[in-house]
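Q: Would you mind keeping the following structure in view while I ask a few things?
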Amino acid sequence: MPMLSDYAQKKKIDFFLKPIPETAHILEIGSGDGWVGKYLKTNNWQNYLSIDINPPADIIGNILDWEKLCLNPNFFDYIIAFEVVEHVDCFQACYDLLKSGGKLLLTSPVPGMDWLMKIFETMGLNQKRTSPHDHLVDFKTISVFSDKQIKIIAGLSQWGIFTRD
């Protein structure tokens, strides 16, 4: 794994995953190689489900088709979408799937700094993108969620915890 991606994974575990109660119902969108699920399952989280357009996710499909995929609205305590929202506008789908008080955990490049992330990818320091970043969005402008905690990491990445009303 590229050096910066490995470092970011460790920081995401501490910041996002460790505070999640082990009994929480968790949906991960865009699970990729499955590292989040492996971590959660290895450390006793019991109610984890992943969705991605490619295997090895638990559900193969697009989150925008959540109703067709038989996911229940107002069900999840946590939705994890690391490096996803720059590919697809799924904020409304996440809001619909979260319980009241549920949390959406997000990471995404800072829109104005994506050019530098591309350089890091070329240098092998960061994971390669799987599809274009054609939906880069500043987390402060997301209107679906009113309760937002946002932090900027090294001026390059935005991390957010969005709570459903």
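Labeling convention for the structure tokens: chains A, B, ... as they appear, residues from 1 per chain, ligands from 1 in order of appearance.
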I'd like to know which residues of stretch 10-54 of chain A are strand (DSSP E) (by DSSP, run on the backbone); could you write them as a list in words?
A: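 Selection result, strand (DSSP E) within stretch 10-54 of chain A: His25, Ile26, Leu27, Glu28, Ile29, Asn47, Tyr48, Leu49, Ser50, Ile51 and Asp52 of chain A.
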Q: For the selection you just gave me, I'd like the residues written to a file as an mmCIF file, in the first residue's frame, keeping C-alpha atoms.
A:
data_model
loop_
_atom_site.group_PDB
_atom_site.id
_atom_site.type_symbol
_atom_site.label_atom_id
_atom_site.label_comp_id
_atom_site.auth_asym_id
_atom_site.auth_seq_id
_atom_site.Cartn_x
_atom_site.Cartn_y
_atom_site.Cartn_z
ATOM 1 C CA HIS A 25 -25.552 -1.007 12.320
ATOM 2 C CA ILE A 26 -22.907 0.122 9.823
ATOM 3 C CA LEU A 27 -23.050 0.488 6.051
ATOM 4 C CA GLU A 28 -19.878 1.155 4.107
ATOM 5 C CA ILE A 29 -20.300 2.648 0.649
ATOM 6 C CA ASN A 47 -23.517 -5.449 12.182
ATOM 7 C CA TYR A 48 -21.410 -4.373 9.196
ATOM 8 C CA LEU A 49 -22.541 -4.390 5.571
ATOM 9 C CA SER A 50 -20.658 -3.135 2.511
ATOM 10 C CA ILE A 51 -21.807 -1.963 -0.903
ATOM 11 C CA ASP A 52 -19.691 -1.289 -3.977
#
Q: Would you kindly return, as number ranges by chain, each protein, DNA or RNA residue with an atom no farther than 10 Å from any atom of A:Asp134, considering only C-alpha atoms and excluding same-chain residues fewer than 3 positions away?
A: A: 85-89, 131, 137
Q: Residues of the last selection are to be written out with C-alpha atoms, as a tab-separated table (two decimals), in the first residue's frame.
A:
chain	number	residue	atom	x	y	z
A	85	VAL	CA	-18.44	11.37	-2.66
A	86	GLU	CA	-16.00	12.80	-5.20
A	87	HIS	CA	-17.28	10.06	-7.54
A	88	VAL	CA	-21.04	10.11	-6.85
A	89	ASP	CA	-23.52	12.52	-5.27
A	131	SER	CA	-12.76	6.59	-11.51
A	137	VAL	CA	-17.49	19.10	-3.33
Q: Excluding A:Thr130 and its own-chain neighbours fewer than 6 positions away, which residues fall within 12 Å of it when counting only C-alpha atoms? Please give them as a PyMOL selection string.
A: chain A and resi 30-33+52-54+83-84+86-87+121
Q: Could you tell me, as a ChimeraX atom specification, which residues of stretch 19-164 of chain A DSSP assigns to helix (DSSP H, G or I) when given the backbone?
A: /A:35-42,63-65,91-97,111-122,139-141
Q: Stretch 7-13 of chain A: which residues within 12 Å, counting only C-alpha atoms, same-chain residues fewer than 6 positions away excluded, as a count of residues only?
A: 30
Q: Taking only C-alpha atoms into account, name the residue in A:Met123, A:Gln92, A:Ile150, A:Lys118 that is nearest to A:Arg164.
A: A:Gln92
Q: Name all residues at most 8 Å from A:Cys94 (count only C-alpha atoms; drop same-chain ones fewer than 3 positions away) and give them as a list in words.
A: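 So, after excluding close chain neighbours, the residues are Ile79, Cys90, Phe91, Leu97, Leu98 and Leu104 of chain A.
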Q: Compare A:Ile142, A:Ala93, A:Ile152, A:Ala24 by their minimum atom-to-atom distance to A:Met113, counting only C-alpha atoms, and give me the closest one.
A: A:Ile152
